[in-house]
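Below is one structure, written out as C-alpha cells; comments come after it.
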Amino acid sequence: MTAVHEQRVLLLSVGAGRFAVVEITGEGSAGERRDLSESELIEWVDRRERAQSPRWVIRAASEIYPRLLSAGVRLGRTHDLVLCHAILRDTAIVPRPLAPSADWARREPVVEAPALFDAFDESVEEHPVDQALAQYRAQSDVIASSTDGRLLLLCAAESAGGLIAEEMRAAGLPWDDVEHDRILTEMLGTRPIGGGLPSRMVELGDRVREILGDRSLHLDSQPKMLRALHRVGVHVESTSKWELAQHEHPVVEPLLAYKKMSRLLSANGWAWLAEWVHDGRFRPVYVPGGVVTGRWASSGGGALQLPRGLRTAVRADPGWMLIVADVAQLEPRMLAAMAADQAMARAAQGRDLYAGVVESGAVATREEAKYAVLGAMYGATTGDSGRLVPRLRKVYPRAMSLVDDAARSGEDGGVVSTWLGRSSPRPSVEWSQLQSRATDADVDQSEVAVARRRARDWGRFTRNFVVQGTAAEWSLIWLAEIRHRLDALPPAPTPAAASGPFARRAHLAFFLHDEVILHVPEEQADAAAEAVREAAAVATRRLFGTFPIDVPLDLRVSRSGEK
DNA sequence: TACTGGTGCGCG
DNA sequence: AAAGCGCGCACCAGTA
C-alpha cells in the first residue's frame, strides 16, 4: 500500500516571512533544501505541484494553505503533521503509538499574538526543519507498524480533510443574502431601523406578556419566565419547548412561536448575515478532527448548525449548479459492516434502513425501528427506545455485540478504536479514582451509585465512539475522493463570482458530517454528480472491501441548496 | 468589567 | 423533559 517511490517534500514556515522546502530522502532525512520568500515559495510550489505532485509534508494545512490558496496555488496531497500527531499519539491499534509532543499538538487559536516571538525566529531557524523531519520519521514508523495499512489510509484521509477544509473556506458556500433577508422578514417581521426587535417579535412578545399578566416581563430570562408561567398555572420545570408543548394554555402557542423567532434572530439573523456572508459567500471556519471521534467541528459562524429553513438562501451562481448529497442512516450502515452482520446488512439494502429493520420482523413500525437503532448506538436503557433495543439484540446479534462490547470496554476504563484505528481518549484521572474508590470495602453506597452512573456514562460514549468515528472516516474518504475526481474535470466556461481559486473549478462548498454541497459549472453537473456517487462507492470499498453493505446517497442537482 | 456555569436549541 | 451520542453558540445570572 505504501508508495515507496512517492516523492515527499517538507514545506515549512521558518518565521519572518521565510519558508523552507526540503526534499525528503528514502530514509526520511533531509535532501536538497531551498529557502524562499513567500512569493518565491508560491511560484516554486506551484511549479513542483504541477510537475510531480509530491506528497507535501506540512505542519498544518490551517497554518500554511490559506496563503497559497489566496495566490491561486493548490496542494494535491499532504501529510499533515499536526492532524496525524493526534491520531498516531492516541491510537491503540499498534503496540507503540507516537510519543506525545506539545510541539505537534493542535495549537489553540491565539487571540493576541505576542510580538516577542518574532525575535527568536532567526535563532531557531534550523530547528523547525530538523524537528519536523524527526517528527515525520516518528509518525511514519507508527504508520508502518500498522501492517494492514489502516493508519496509512487514515492519515492520508485526515490530511486531505485538512486541505479540503481550507479549500471550502476559500471557495465559500454561495449565499443569497437577498433571499436570506426575505426569509427573515417573512418570519420575524420588519427589520427595526435603530435596533430593537423586528415587528412580529414585538407583537408576539406583547401578547405573551399580556397573557402572563406582566407588562415588563423579560422574555429571555429563564428564571423570570419560569416564575411567570407558574403564576398563571403552567407548572413546568423548565421553559424548554418540549415541556411547554405538553401544556394546554393560551400562552403556549405564542411563547413557542416567540422562542422560535428569537432563536432565528440571535443565531442566524441580520447580524449573522452581516458578519458571516461577504460577496455572496458564507465562509465558516471548519476544524477537521475537532471532535474526538474524528468528526469535524467548526468555530465561528455556526457552520454545523445552519437551520434547514435557511437552506433556500444557498444559491448557485449564474451558470453554476449545486449538488446536494447526503447518506441516509450512515452510522447504522457502518455498524452493520464493521460487525460483518449479514442480517443487518440485508436490512440496510436500499434507501431506507429502518424499513429494512421492520421487514426483518424485529419491530412493527418504521418509527420503532428508528428509535431502536438510535437507542442501540447511543446506549438507551429506558423509555421507548431502551425498551426496543433488546429486540434488535435478537435479530442482529453481531452488530449489537460490537456496540455492547465497546460500551463494556468503556465502563471498565478501556479504550476503543474506530475501523481505521482512531482511538477513544482515556478516561480522566477523576473518573478512574471514582471507580477504584467504589470497590473499597468501607465505601458509601451513594458513592458506589455515582461511580456506576459515571461508568455507564463513559460506556455510552465509547459505544457511540466506534460508530460515529467510523462514519467520520467514511465521510473523510468520500470527501477526498470527490475532490480527486472534481480536479480531473476541465475548467469552467463561466467563472463563479466569488469562489477565489475555485472560480473556474467545480468544487466542494459545504460539508456536514454525512452531507456535501458542491458548486459546479452547469455543463459539469452530471459529471460531478457521478463523481459524488463513485466517491461514495470507493469509500465503502476502501473501508469494507467486498462486504456487501449498501451506502445509498440522496442526491439532487439544483440551483438552491434545499434538500 | 470579565469570567464561568446553566439553560435552551440548532445541526448530524 | 427528553429517553440516548457528538457538537457550537447565544443569552442570562451569579461571581470575582
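Ligands are numbered from 1 in the order shown, chains are lettered A, B, ... in the order of the C-alpha cells, and residues start at 1 in each chain.
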Contacts between chain A and chain B, please, where a residue of chain B counts if it comes within 7 Å (with only C-alpha atoms (C1' of nucleotides)); show its shortest atom pair and distance in Å to one decimal, rows by chain and ascending number, as a Markdown table.
| residue | atom | partner | partner_atom | distance |
| --- | --- | --- | --- | --- |
| B:DG8 | C1' | A:Ser240 | CA | 6.4 |
| B:DG10 | C1' | A:Gln305 | CA | 5.1 |
| B:DC11 | C1' | A:Gln305 | CA | 4.0 |
| B:DG12 | C1' | A:His513 | CA | 6.0 |
Within 6 Å of chain C, which residues belong to chain A? Use only C-alpha atoms (C1' of nucleotides) and report them as a PyMOL selection string. chain A and resi 243+375+378-380+383+464
Please compute the CA of Glu27 (chain A)-CA of His5 (chain A) distance, one decimal, in Å.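 Computing the Euclidean distance for CA of Glu27 (chain A) and CA of His5 (chain A) yields 11.8 Å.
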Quick one: pull the distance between CA of Ser216 (chain A) and CA of Trp272 (chain A), Å, one decimal.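 CA of Trp272 (chain A) lies at a distance of 27.8 Å from CA of Ser216 (chain A).
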Please list as an mmCIF file with C-alpha atoms, in the first residue's frame every residue within 12 Å of region 395-398 of chain A, counting only C-alpha atoms (C1' of nucleotides) and excluding residues in the same chain fewer than 2 positions away.
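Contents of part-v6.cif, as written:
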data_model
loop_
_atom_site.group_PDB
_atom_site.id
_atom_site.type_symbol
_atom_site.label_atom_id
_atom_site.label_comp_id
_atom_site.auth_asym_id
_atom_site.auth_seq_id
_atom_site.Cartn_x
_atom_site.Cartn_y
_atom_site.Cartn_z
ATOM 1 C CA PRO A 332 -26.034 2.009 11.357
ATOM 2 C CA LEU A 335 -22.127 -0.665 12.234
ATOM 3 C CA ALA A 336 -23.524 -3.478 10.092
ATOM 4 C CA ALA A 337 -20.360 -3.558 8.001
ATOM 5 C CA MET A 338 -17.943 -3.308 10.941
ATOM 6 C CA ALA A 339 -19.656 -6.200 12.661
ATOM 7 C CA ALA A 340 -19.995 -8.120 9.379
ATOM 8 C CA ASP A 341 -23.623 -8.571 10.388
ATOM 9 C CA GLN A 342 -25.235 -10.070 7.302
ATOM 10 C CA ALA A 343 -28.743 -9.748 8.670
ATOM 11 C CA MET A 344 -28.331 -6.069 9.409
ATOM 12 C CA ALA A 345 -26.627 -5.534 6.053
ATOM 13 C CA ARG A 346 -29.673 -7.097 4.405
ATOM 14 C CA ALA A 347 -31.914 -4.679 6.271
ATOM 15 C CA ALA A 348 -29.642 -1.877 5.045
ATOM 16 C CA GLY A 356 -35.493 -2.994 6.289
ATOM 17 C CA VAL A 357 -35.465 -3.398 10.054
ATOM 18 C CA VAL A 358 -39.262 -3.546 10.041
ATOM 19 C CA GLU A 359 -39.176 -6.169 7.286
ATOM 20 C CA SER A 360 -36.825 -8.289 9.348
ATOM 21 C CA GLY A 361 -39.602 -8.557 11.905
ATOM 22 C CA ALA A 362 -37.600 -7.008 14.733
ATOM 23 C CA VAL A 363 -40.115 -4.227 15.293
ATOM 24 C CA ALA A 372 -34.437 1.092 18.383
ATOM 25 C CA VAL A 373 -31.467 1.619 16.071
ATOM 26 C CA ALA A 376 -28.652 0.749 20.170
ATOM 27 C CA LEU A 388 -36.925 -1.702 21.859
ATOM 28 C CA VAL A 389 -33.175 -2.306 21.900
ATOM 29 C CA PRO A 390 -33.354 -5.921 23.192
ATOM 30 C CA ARG A 391 -35.389 -6.860 20.137
ATOM 31 C CA LEU A 392 -32.510 -5.816 17.915
ATOM 32 C CA ARG A 393 -30.184 -7.948 20.023
ATOM 33 C CA MET A 400 -25.266 -5.487 18.876
ATOM 34 C CA SER A 401 -22.267 -7.352 20.301
ATOM 35 C CA LEU A 402 -19.963 -4.844 18.670
ATOM 36 C CA VAL A 403 -21.557 -1.843 20.356
ATOM 37 C CA ASP A 404 -22.203 -3.708 23.597
ATOM 38 C CA ASP A 405 -18.533 -4.707 23.748
#
Non-local contacts of region 189-195 of chain A (12 Å; only C-alpha atoms (C1' of nucleotides); under 5 positions in same chain excluded) as a ChimeraX atom specification: /A:181-184,200-204,258,261-262,265,269-271
Could you save the residues just selected, with N, CA, C and O atoms, as a PDB file, in the first residue's frame?
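Once everything was written out, this is selection_33.pdb:
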ATOM      1  N   ASP A 181     -32.524  37.685   3.688  1.00  0.00           N
ATOM      2  CA  ASP A 181     -33.251  38.834   4.240  1.00  0.00           C
ATOM      3  C   ASP A 181     -34.758  38.664   4.078  1.00  0.00           C
ATOM      4  O   ASP A 181     -35.536  38.972   4.978  1.00  0.00           O
ATOM      5  N   ARG A 182     -35.156  38.136   2.924  1.00  0.00           N
ATOM      6  CA  ARG A 182     -36.575  37.911   2.676  1.00  0.00           C
ATOM      7  C   ARG A 182     -37.150  36.915   3.687  1.00  0.00           C
ATOM      8  O   ARG A 182     -38.231  37.115   4.242  1.00  0.00           O
ATOM      9  N   ILE A 183     -36.408  35.831   3.925  1.00  0.00           N
ATOM     10  CA  ILE A 183     -36.863  34.822   4.889  1.00  0.00           C
ATOM     11  C   ILE A 183     -36.984  35.441   6.285  1.00  0.00           C
ATOM     12  O   ILE A 183     -37.976  35.246   6.987  1.00  0.00           O
ATOM     13  N   LEU A 184     -35.977  36.221   6.658  1.00  0.00           N
ATOM     14  CA  LEU A 184     -36.007  36.836   7.989  1.00  0.00           C
ATOM     15  C   LEU A 184     -37.218  37.753   8.129  1.00  0.00           C
ATOM     16  O   LEU A 184     -37.921  37.722   9.141  1.00  0.00           O
ATOM     17  N   ARG A 200     -42.847  41.408  14.128  1.00  0.00           N
ATOM     18  CA  ARG A 200     -43.651  40.259  14.575  1.00  0.00           C
ATOM     19  C   ARG A 200     -43.243  39.805  15.972  1.00  0.00           C
ATOM     20  O   ARG A 200     -44.058  39.340  16.756  1.00  0.00           O
ATOM     21  N   MET A 201     -41.952  39.943  16.277  1.00  0.00           N
ATOM     22  CA  MET A 201     -41.495  39.550  17.609  1.00  0.00           C
ATOM     23  C   MET A 201     -42.014  40.505  18.675  1.00  0.00           C
ATOM     24  O   MET A 201     -42.321  40.101  19.796  1.00  0.00           O
ATOM     25  N   VAL A 202     -42.074  41.792  18.315  1.00  0.00           N
ATOM     26  CA  VAL A 202     -42.615  42.773  19.260  1.00  0.00           C
ATOM     27  C   VAL A 202     -44.071  42.436  19.577  1.00  0.00           C
ATOM     28  O   VAL A 202     -44.479  42.362  20.743  1.00  0.00           O
ATOM     29  N   GLU A 203     -44.849  42.178  18.515  1.00  0.00           N
ATOM     30  CA  GLU A 203     -46.266  41.854  18.710  1.00  0.00           C
ATOM     31  C   GLU A 203     -46.448  40.600  19.563  1.00  0.00           C
ATOM     32  O   GLU A 203     -47.229  40.581  20.512  1.00  0.00           O
ATOM     33  N   LEU A 204     -45.704  39.547  19.180  1.00  0.00           N
ATOM     34  CA  LEU A 204     -45.840  38.287  19.916  1.00  0.00           C
ATOM     35  C   LEU A 204     -45.408  38.446  21.363  1.00  0.00           C
ATOM     36  O   LEU A 204     -46.040  37.919  22.281  1.00  0.00           O
ATOM     37  N   TYR A 258     -42.620  32.682  19.703  1.00  0.00           N
ATOM     38  CA  TYR A 258     -41.646  33.727  20.035  1.00  0.00           C
ATOM     39  C   TYR A 258     -40.247  33.130  20.197  1.00  0.00           C
ATOM     40  O   TYR A 258     -39.250  33.663  19.704  1.00  0.00           O
ATOM     41  N   MET A 261     -38.691  32.335  16.906  1.00  0.00           N
ATOM     42  CA  MET A 261     -38.214  33.552  16.236  1.00  0.00           C
ATOM     43  C   MET A 261     -36.948  34.087  16.895  1.00  0.00           C
ATOM     44  O   MET A 261     -36.013  34.520  16.226  1.00  0.00           O
ATOM     45  N   SER A 262     -36.970  34.060  18.209  1.00  0.00           N
ATOM     46  CA  SER A 262     -35.839  34.579  18.966  1.00  0.00           C
ATOM     47  C   SER A 262     -34.558  33.814  18.606  1.00  0.00           C
ATOM     48  O   SER A 262     -33.485  34.396  18.442  1.00  0.00           O
ATOM     49  N   LEU A 265     -33.424  34.805  15.117  1.00  0.00           N
ATOM     50  CA  LEU A 265     -32.829  36.144  15.116  1.00  0.00           C
ATOM     51  C   LEU A 265     -31.424  36.145  15.704  1.00  0.00           C
ATOM     52  O   LEU A 265     -30.503  36.735  15.134  1.00  0.00           O
ATOM     53  N   GLY A 269     -29.686  35.700  12.292  1.00  0.00           N
ATOM     54  CA  GLY A 269     -30.409  36.904  11.897  1.00  0.00           C
ATOM     55  C   GLY A 269     -29.555  37.844  11.062  1.00  0.00           C
ATOM     56  O   GLY A 269     -28.551  37.448  10.462  1.00  0.00           O
ATOM     57  N   TRP A 270     -29.952  39.115  11.061  1.00  0.00           N
ATOM     58  CA  TRP A 270     -29.247  40.100  10.225  1.00  0.00           C
ATOM     59  C   TRP A 270     -27.801  40.310  10.675  1.00  0.00           C
ATOM     60  O   TRP A 270     -26.929  40.544   9.861  1.00  0.00           O
ATOM     61  N   ALA A 271     -27.585  40.164  11.989  1.00  0.00           N
ATOM     62  CA  ALA A 271     -26.220  40.342  12.497  1.00  0.00           C
ATOM     63  C   ALA A 271     -25.306  39.236  11.959  1.00  0.00           C
ATOM     64  O   ALA A 271     -24.166  39.485  11.552  1.00  0.00           O
TER      65      ALA A 271
END
I'd like the neighbourhood of region 37-41 of chain A as a list of chain:residue names, where a residue qualifies if any of its atoms comes within 7 Å (using only C-alpha atoms (C1' of nucleotides)), though same-chain residues fewer than 2 positions away should be ignored.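 Residues near the query, excluding close chain neighbours: A:Gly17, A:Arg18, A:Phe19, A:Glu43, A:Trp44, A:Val45.
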Report the residues of region 208-384 of chain A whose backbone DSSP state falls under strand (DSSP E), written as an MDAnalysis selection string. chainID A and resid 277:278 281:282 286:287 297:298 320:327
Output file for the residues above (N, CA, C and O atoms, as a CSV table (one decimal), in the first residue's frame):
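Output file out-v1.csv is given in full below:
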chain,number,residue,atom,x,y,z
A,277,VAL,N,-21.5,36.6,5.9
A,277,VAL,CA,-21.6,36.5,4.5
A,277,VAL,C,-21.1,37.7,3.8
A,277,VAL,O,-21.5,38.8,4.1
A,278,HIS,N,-20.1,37.5,3.0
A,278,HIS,CA,-19.5,38.6,2.2
A,278,HIS,C,-19.3,38.2,0.8
A,278,HIS,O,-19.0,37.0,0.5
A,281,ARG,N,-20.8,34.9,-0.3
A,281,ARG,CA,-20.3,33.6,0.2
A,281,ARG,C,-20.3,33.5,1.7
A,281,ARG,O,-19.9,34.5,2.4
A,282,PHE,N,-20.8,32.4,2.2
A,282,PHE,CA,-20.7,32.1,3.6
A,282,PHE,C,-19.4,31.3,3.8
A,282,PHE,O,-19.2,30.2,3.2
A,286,TYR,N,-13.9,25.7,9.4
A,286,TYR,CA,-14.0,24.2,9.7
A,286,TYR,C,-12.8,23.8,10.6
A,286,TYR,O,-11.7,24.3,10.4
A,287,VAL,N,-13.0,22.9,11.5
A,287,VAL,CA,-11.9,22.4,12.3
A,287,VAL,C,-11.9,20.8,12.1
A,287,VAL,O,-12.5,20.1,12.8
A,297,ALA,N,-15.3,19.8,13.6
A,297,ALA,CA,-16.0,20.8,14.4
A,297,ALA,C,-16.0,22.1,13.6
A,297,ALA,O,-15.4,22.1,12.5
A,298,SER,N,-16.6,23.1,14.1
A,298,SER,CA,-16.4,24.4,13.4
A,298,SER,C,-16.3,25.4,14.5
A,298,SER,O,-16.6,25.2,15.7
A,320,TRP,N,-24.0,28.2,-12.9
A,320,TRP,CA,-23.5,27.1,-12.0
A,320,TRP,C,-24.7,26.4,-11.4
A,320,TRP,O,-25.8,26.9,-11.3
A,321,MET,N,-24.4,25.2,-10.8
A,321,MET,CA,-25.4,24.4,-10.1
A,321,MET,C,-24.9,23.9,-8.8
A,321,MET,O,-23.7,23.8,-8.6
A,322,LEU,N,-25.8,23.5,-7.9
A,322,LEU,CA,-25.4,22.9,-6.7
A,322,LEU,C,-25.7,21.4,-6.7
A,322,LEU,O,-26.8,21.0,-7.3
A,323,ILE,N,-24.9,20.6,-6.2
A,323,ILE,CA,-25.2,19.2,-6.0
A,323,ILE,C,-25.2,19.0,-4.5
A,323,ILE,O,-24.2,19.2,-3.8
A,324,VAL,N,-26.4,18.6,-4.0
A,324,VAL,CA,-26.6,18.4,-2.6
A,324,VAL,C,-26.7,16.9,-2.4
A,324,VAL,O,-27.6,16.3,-2.9
A,325,ALA,N,-25.8,16.3,-1.6
A,325,ALA,CA,-25.9,14.8,-1.4
A,325,ALA,C,-25.7,14.5,0.0
A,325,ALA,O,-24.8,15.1,0.7
A,326,ASP,N,-26.4,13.5,0.5
A,326,ASP,CA,-26.2,13.0,1.8
A,326,ASP,C,-26.5,11.5,1.9
A,326,ASP,O,-27.1,11.0,1.0
A,327,VAL,N,-26.0,10.9,2.9
A,327,VAL,CA,-26.2,9.5,3.1
A,327,VAL,C,-27.3,9.3,4.2
A,327,VAL,O,-27.3,9.9,5.2
Per DSSP on the backbone, what are the helix (DSSP H, G or I) residues of region 500-533 of chain A, as a PyMOL selection string? chain A and resi 500-502+522-533
In Å, how far is it from CA of Val416 (chain A) to CA of Arg460 (chain A)?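 According to the coordinates, CA of Val416 (chain A) and CA of Arg460 (chain A) are separated by 11.8 Å.
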